[in-house]
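Engineer: Take a look at this one; I'll ask things after.
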Amino acid sequence: MEFSFTEEQKLIKDAARDFLEKECPSDLVREMEEDDKGYSLELWRKMAELGWLGLIFPAKYGGSEGDFFDLVVLLEEMGRYLAPVPFLPTIILGGLSIQSAGTEKQKQEFLPKIANGELILTMALTELDLNYDAAGINIQAIREGDRFVINGTKLFVPYAHVADYIICATRTQNSGKKEDGITLFIVEGKNPEISFTILRTTACDKQCEVVFNRVKVKEERILGKYHEGWTILKNILEQATIAQSALMIGGAEKVLEMTVAHAKNRVQFGRPIGSFQAIQHKCANMLVDLDGAKLATYEAAWKLAHGRPCTLEVSVAKAWVNQAYQRVCANGHQIHGGSGVMKDYDMQLYSRQAKAAEFFLGDTDFHREIVARQFDL
Amino acid sequence: MDFELTEEQNRFKREVSEFLDKEVTEGVIEESESGLGYGPHSWGLMRKLGAKRWLAPSYPEEYGGLGLSYIYRYIVHEELDYRNALLVIRGLGMIGVDMAGPIILRYGSEELRREFLPRIARGEIDLALGYTEPDAGSDLSRIAMRAVEEGDDFIITGQKTFNTGCHFAQYHWLAARTGPDAPAHQGISMFVVDLKTPGITISPLWEMADKRTNEVFYDEVRVPQRNLVGQKNQGWYYMVRALDLERMISTRHIERLFEELIAYTKTTLKNGVPLSKDPCVRQKLVDIAIEINVARNLVRRVAWLQDKGIIPTYESAILKVFVTELYQRIAKVGLEILGPYGLLRKDSKYSVLKGMVEHHFRASFAPTIGGGSSEIMRNIIALRGLGLPR
């Protein structure tokens, strides 16, 4: 057993924090909430220069061969600063999908460009019923000669409006098990047959409705095997879920730090409010939640990085992080008092984004269901 | 990070597990469920573990251990906790091996080490905690029992309460006031006292879970100077450190109960459908499953800190709060699933799961109080973990 980061991971963490502290102030987060694109191109390019976008890819595709846990360390820091960049959609949903299932040609075509910041990717997965299970993938891709035609609507697709490529999960076979007959396509994003509507959300993040209107895709754009997309997705979704949990624990830690700082500084009744047990015990509960959430995330990430089976650990982590982050934010708000609800203060940035994060890649009930199945309930 | 035991540690775990499958006999279980403390079967198991040097494997070899890292003690602790679910919180030999022993090892005289550590490690003796007094519960700095120096001895007079284990342990791990004029925290000393010394009266108190604890009265009890642990008037610091060590609580007794509940819900029908398929029951069990997984890492972290030779502070407070409160939640969920059957004691007509849930329910109130209440734990987390002002 070992509960500390490696020296290399500590370096990644420190470097990421130094960089984001300078380059990603909360004003940038506020600005990007109002921005049409919703991300900072400058920040994205700098991340590419620092090698973050290729951290996990093999060297021959322009990467630095980090492991999944290194990525989690980096994501935690990005979550701490609510970094407004399409990192998770591009690197994990897009890049790791291609790395794990792509042909050599596809890898050569996409990975180096992802690593150097030239391409933004995302994944069109959920539809109107917002189900992350195989049964939730129903839009059709129908073979017409040497091409496929995709028709249908995807919902809550992150950063689709700026994506150069969208990995679209489609149904290519309607009989048999729901897990069979799913095919992934790498679709060009800037395509007149695709229309986007940016959804206006609590978090002011850029989640989109994506309508595929007879989008034609060549067979060579299939990612992985025909009808066998779910085996890729299952893996990628586990990785993405832990990546999302990592972003969330980073945010939760920042909320706790801001709250403790506020409790130490804010004086009422002649004493810092942090000296009152009513406040102290709320803060203690926040740390209990945070530490539990962190360790659950690290356990799943470590198992993923080492190729251990971890379906249970991934869902335990997301289910717990979802709940813990909400409680941390609720306590944070209560202790921040009036200032916490003001737009000029950062507390409300975190609580709004925490709520959106809770639903992305499976809400608590979704992951409870997976845990239940692990115990054959 | 690494969330797994080494191959060597796993092998040790398997060996301990196979050994305990054989040696945790019906007799041991009965004694543990009786609430009376160790009887002949428990002492027998202690000595067998001791003979293999498995009771205190992380003690240095010269004091009866194997000189292994703390993880090995943690492994034994977990395996005991899993099989002795009803001993609840304190596994076999915990006060001696985990609390008093490490303090004696670190601060005690060589004479004291030689006298006590090998016997603790061999499972020949155990100690009982002697901290709490009627007016010194959460505020242990108010300990009033007086120890006055007289020649080569201390003369100790006063009252302790809730001192579990005094009726079967041989020694008292006793905190008494030696510096009445010093500030409260700086006038306490620790002693190891033979509980058969004249002037000690032990009388039983009964917990709602039918577990025996004690009031202990000292009437001019003569304790030799050499039984003073470490330095005079430094007892508060030793006591607090030992408490940090006491908070090494395993989740295994909860896991055991969880497994029993899962099995029960799969085999019990309601309207022709297994309870395990009832959405309300499922959600309750799933939430417990998630929390057990979260708790297990909080336990592992503390074990790892101790393995590194670091005495955990706020980390063990987090662990204690989480695990003891989880224990109350699973007892509550268990009763909700069993309904009125859950009220039936082991020996009652119609009792289910051998009255296990019923007993756990009654036993679940004390752990959020003993060893530092949840409120004190949250104070520690806030003050020591987060640096909030007093």
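Please note that chains go A, B, ... in the order of the structure tokens, that every chain numbers its residues from 1, and that ligands are numbered from 1 in the order shown.
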Chain B near chain A within 7 Å: what's each residue's closest atom pair and its distance in Å to one decimal, counting only C-alpha atoms, ordered by chain then ascending residue number, as JSON lines?

Structural biologist:
```
{"residue": "B:Met1", "atom": "CA", "partner": "A:Glu2", "partner_atom": "CA", "distance": 4.7}
{"residue": "B:Asp2", "atom": "CA", "partner": "A:Glu2", "partner_atom": "CA", "distance": 4.6}
{"residue": "B:Phe3", "atom": "CA", "partner": "A:Met1", "partner_atom": "CA", "distance": 5.2}
{"residue": "B:Glu4", "atom": "CA", "partner": "A:Met1", "partner_atom": "CA", "distance": 5.4}
{"residue": "B:Leu5", "atom": "CA", "partner": "A:Met1", "partner_atom": "CA", "distance": 5.7}
{"residue": "B:Ser276", "atom": "CA", "partner": "A:Leu377", "partner_atom": "CA", "distance": 5.4}
{"residue": "B:Lys277", "atom": "CA", "partner": "A:Leu377", "partner_atom": "CA", "distance": 6.3}
{"residue": "B:Arg282", "atom": "CA", "partner": "A:Leu377", "partner_atom": "CA", "distance": 6.7}
{"residue": "B:Val286", "atom": "CA", "partner": "A:Ala372", "partner_atom": "CA", "distance": 5.7}
{"residue": "B:Ile290", "atom": "CA", "partner": "A:Val316", "partner_atom": "CA", "distance": 5.3}
{"residue": "B:Val294", "atom": "CA", "partner": "A:Gly292", "partner_atom": "CA", "distance": 5.5}
{"residue": "B:Asn297", "atom": "CA", "partner": "A:Leu295", "partner_atom": "CA", "distance": 6.2}
{"residue": "B:Leu298", "atom": "CA", "partner": "A:Gly292", "partner_atom": "CA", "distance": 6.7}
{"residue": "B:Arg301", "atom": "CA", "partner": "A:Phe3", "partner_atom": "CA", "distance": 6.4}
{"residue": "B:Trp304", "atom": "CA", "partner": "A:Met1", "partner_atom": "CA", "distance": 6.6}
{"residue": "B:Ile318", "atom": "CA", "partner": "A:Val288", "partner_atom": "CA", "distance": 5.8}
{"residue": "B:Arg378", "atom": "CA", "partner": "A:Ala284", "partner_atom": "CA", "distance": 5.4}
{"residue": "B:Asn379", "atom": "CA", "partner": "A:His281", "partner_atom": "CA", "distance": 6.8}
{"residue": "B:Ile381", "atom": "CA", "partner": "A:Ala284", "partner_atom": "CA", "distance": 5.4}
{"residue": "B:Ala382", "atom": "CA", "partner": "A:Ala284", "partner_atom": "CA", "distance": 5.1}
{"residue": "B:Leu388", "atom": "CA", "partner": "A:Gly274", "partner_atom": "CA", "distance": 5.7}
{"residue": "B:Pro389", "atom": "CA", "partner": "A:Ser275", "partner_atom": "CA", "distance": 5.0}
{"residue": "B:Arg390", "atom": "CA", "partner": "A:Ser275", "partner_atom": "CA", "distance": 5.1}
```

Engineer: Excluding stretch 23-31 of chain A and any residue of its chain fewer than 4 positions from it, enumerate the residues within 7 Å of it, using only C-alpha atoms, and give them as a ChimeraX atom specification.

Structural biologist: /A:19,35,81-84,346

Engineer: Could you name the residues that touch stretch 127-141 of chain B at 8 Å or less, counting only C-alpha atoms, but leaving out those on the same chain fewer than 5 positions away, as a list of chain:residue names?

Structural biologist: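 Counting only the stated atoms, we get B:Ile95, B:Gly96, B:Ala100, B:Gln159, B:Lys160, B:Thr161, B:Phe162, B:Asn163, B:Thr164, B:Gly165, B:Cys166, B:Ala169, B:Gln170, B:Tyr171, B:His172, B:Trp173, B:Leu174, B:Ala175, B:Ala184, B:His185, B:Ile188, B:Trp236, B:Gly372, B:Ser373, B:Ile376.
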
Engineer: Save the residues we just selected, N, CA and C atoms, as a short mmCIF file (atom, residue, chain, number, x, y, z; two decimals), in the first residue's frame?

Structural biologist:
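Printed below is part28.cif as written:
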```cif
data_model
loop_
_atom_site.label_atom_id
_atom_site.label_comp_id
_atom_site.auth_asym_id
_atom_site.auth_seq_id
_atom_site.Cartn_x
_atom_site.Cartn_y
_atom_site.Cartn_z
N ILE B 95 -6.04 -3.08 23.35
CA ILE B 95 -5.55 -2.05 24.27
C ILE B 95 -4.07 -2.29 24.57
N GLY B 96 -3.74 -3.54 24.85
CA GLY B 96 -2.34 -3.85 25.14
C GLY B 96 -1.46 -3.69 23.92
N ALA B 100 -1.31 0.71 24.61
CA ALA B 100 -0.29 0.81 25.67
C ALA B 100 1.09 0.41 25.15
N GLN B 159 -11.52 7.77 41.51
CA GLN B 159 -12.52 6.92 40.85
C GLN B 159 -12.43 7.00 39.34
N LYS B 160 -12.53 5.86 38.70
CA LYS B 160 -12.64 5.80 37.24
C LYS B 160 -14.00 5.22 36.89
N THR B 161 -14.46 5.50 35.68
CA THR B 161 -15.71 4.88 35.25
C THR B 161 -15.63 4.48 33.78
N PHE B 162 -16.53 3.62 33.35
CA PHE B 162 -16.54 3.07 31.98
C PHE B 162 -15.18 2.49 31.61
N ASN B 163 -14.50 1.86 32.57
CA ASN B 163 -13.20 1.24 32.28
C ASN B 163 -13.44 -0.22 31.89
N THR B 164 -13.76 -0.39 30.60
CA THR B 164 -14.07 -1.72 30.09
C THR B 164 -12.83 -2.61 30.17
N GLY B 165 -13.02 -3.84 30.55
CA GLY B 165 -11.90 -4.78 30.52
C GLY B 165 -11.19 -4.96 31.85
N CYS B 166 -11.47 -4.11 32.84
CA CYS B 166 -10.74 -4.22 34.12
C CYS B 166 -11.01 -5.55 34.83
N ALA B 169 -8.70 -8.06 32.37
CA ALA B 169 -7.30 -7.72 32.08
C ALA B 169 -6.51 -7.81 33.38
N GLN B 170 -5.19 -7.97 33.23
CA GLN B 170 -4.36 -8.06 34.43
C GLN B 170 -3.85 -6.69 34.88
N TYR B 171 -3.81 -5.74 33.91
CA TYR B 171 -3.21 -4.45 34.23
C TYR B 171 -4.10 -3.30 33.78
N HIS B 172 -3.92 -2.20 34.48
CA HIS B 172 -4.67 -0.98 34.20
C HIS B 172 -3.72 0.01 33.53
N TRP B 173 -4.12 0.55 32.40
CA TRP B 173 -3.35 1.60 31.71
C TRP B 173 -3.93 2.92 32.22
N LEU B 174 -3.34 3.39 33.30
CA LEU B 174 -4.00 4.37 34.15
C LEU B 174 -3.44 5.79 34.02
N ALA B 175 -4.34 6.74 33.88
CA ALA B 175 -3.94 8.15 33.90
C ALA B 175 -4.36 8.75 35.25
N ALA B 184 -3.76 22.07 33.70
CA ALA B 184 -4.46 20.78 33.64
C ALA B 184 -3.74 19.73 32.78
N HIS B 185 -3.25 20.14 31.58
CA HIS B 185 -2.65 19.16 30.67
C HIS B 185 -1.26 18.73 31.11
N ILE B 188 -0.59 15.35 34.48
CA ILE B 188 -1.11 13.99 34.43
C ILE B 188 0.04 13.03 34.12
N TRP B 236 -0.55 13.28 29.67
CA TRP B 236 -1.55 13.78 28.72
C TRP B 236 -1.14 13.49 27.29
N GLY B 372 -13.37 8.80 22.11
CA GLY B 372 -13.48 10.15 21.54
C GLY B 372 -14.78 10.27 20.79
N SER B 373 -15.68 11.11 21.28
CA SER B 373 -17.00 11.24 20.66
C SER B 373 -16.88 11.83 19.26
N ILE B 376 -15.92 15.41 19.43
CA ILE B 376 -14.49 15.64 19.68
C ILE B 376 -13.70 15.34 18.40
#
```

Engineer: Could you list, as an NGL selection string, every residue within 12 Å of A:Gly338, counting only C-alpha atoms and ignoring same-chain residues fewer than 5 positions away?

Structural biologist: :A and (262 or 266 or 332-333 or 343-345 or 347-348)

Engineer: One decimal, in Å: what's the spacing between atom CA of B:Val357 and atom CA of B:Leu257?

Structural biologist: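 Those two atoms sit 7.7 Å apart.
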
Engineer: Quote the spacing between atom CA of A:Gly176 and atom CA of A:Arg143 in Å to one decimal place.

Structural biologist: 18.7 Å

Engineer: Hey, what does DSSP flag as alpha helix (DSSP H) within stretch 102-194 of chain A? Can you give it to me as a list in words?

Structural biologist: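 Answer for stretch 102-194 of chain A restricted to alpha helix (DSSP H) is Glu104, Lys105, Gln106, Lys107, Gln108, Glu109, Phe110, Leu111, Pro112, Lys113, Ile114 and Ala115 of chain A.
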
Engineer: Mind writing the picked residues with N, CA and C atoms as a compact mmCIF listing (two decimals), in the first residue's frame?

Structural biologist:
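To be explicit, this is the file written out as again-v8.txt:
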```txt
# COMPACT_ATOMS: atom_id res chain seq x y z
N GLU A 104 -4.06 2.11 -37.18
CA GLU A 104 -2.80 2.84 -37.18
C GLU A 104 -2.95 4.16 -37.95
N LYS A 105 -3.67 4.09 -39.06
CA LYS A 105 -3.86 5.28 -39.88
C LYS A 105 -4.63 6.36 -39.10
N GLN A 106 -5.68 5.92 -38.41
CA GLN A 106 -6.47 6.88 -37.61
C GLN A 106 -5.62 7.48 -36.50
N LYS A 107 -4.82 6.65 -35.85
CA LYS A 107 -3.98 7.17 -34.77
C LYS A 107 -3.01 8.21 -35.31
N GLN A 108 -2.40 7.89 -36.45
CA GLN A 108 -1.44 8.84 -37.02
C GLN A 108 -2.12 10.12 -37.47
N GLU A 109 -3.34 9.97 -37.92
CA GLU A 109 -4.05 11.15 -38.40
C GLU A 109 -4.46 12.07 -37.24
N PHE A 110 -4.93 11.47 -36.15
CA PHE A 110 -5.54 12.30 -35.11
C PHE A 110 -4.65 12.60 -33.89
N LEU A 111 -3.98 11.58 -33.40
CA LEU A 111 -3.34 11.78 -32.09
C LEU A 111 -2.30 12.91 -32.06
N PRO A 112 -1.40 12.99 -33.07
CA PRO A 112 -0.42 14.09 -33.01
C PRO A 112 -1.09 15.47 -33.04
N LYS A 113 -2.18 15.57 -33.80
CA LYS A 113 -2.86 16.87 -33.88
C LYS A 113 -3.62 17.18 -32.59
N ILE A 114 -4.12 16.15 -31.94
CA ILE A 114 -4.75 16.39 -30.64
C ILE A 114 -3.68 16.85 -29.65
N ALA A 115 -2.54 16.15 -29.68
CA ALA A 115 -1.47 16.47 -28.73
C ALA A 115 -0.94 17.88 -28.91
```

Engineer: Given only C-alpha atoms as the basis, pick out the residue of A:Glu188, A:Glu238, A:Glu179, A:Glu76 nearest to A:Leu96.

Structural biologist: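 Ranked by minimum distance to A:Leu96, first place goes to A:Glu238.
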
Engineer: Find the spatial neighbours of A:Leu199, counting only C-alpha atoms, within a cut-off of 10 Å - ignore same-chain residues fewer than 2 positions away - and output them as a VMD selection string.

Structural biologist: chain A and resid 155 to 158 196 to 197 201 to 202 204 to 209

Engineer: May I have the residues from that selection written out with C-alpha atoms, as a tab-separated table (two decimals), in the first residue's frame?

Structural biologist:
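To be explicit, this is the file written out as out35.tsv:
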```
chain	number	residue	atom	x	y	z
A	155	LEU	CA	-28.21	15.63	-26.39
A	156	PHE	CA	-25.80	17.07	-23.82
A	157	VAL	CA	-22.76	16.73	-26.04
A	158	PRO	CA	-19.97	18.81	-24.50
A	196	PHE	CA	-25.89	22.51	-33.09
A	197	THR	CA	-27.83	24.27	-30.40
A	201	THR	CA	-27.52	25.38	-18.39
A	202	THR	CA	-27.11	26.13	-14.70
A	204	CYS	CA	-23.24	28.04	-18.38
A	205	ASP	CA	-21.09	25.23	-19.74
A	206	LYS	CA	-21.26	24.42	-23.41
A	207	GLN	CA	-23.41	21.33	-23.71
A	208	CYS	CA	-25.15	20.95	-27.03
A	209	GLU	CA	-27.99	19.40	-28.85
```
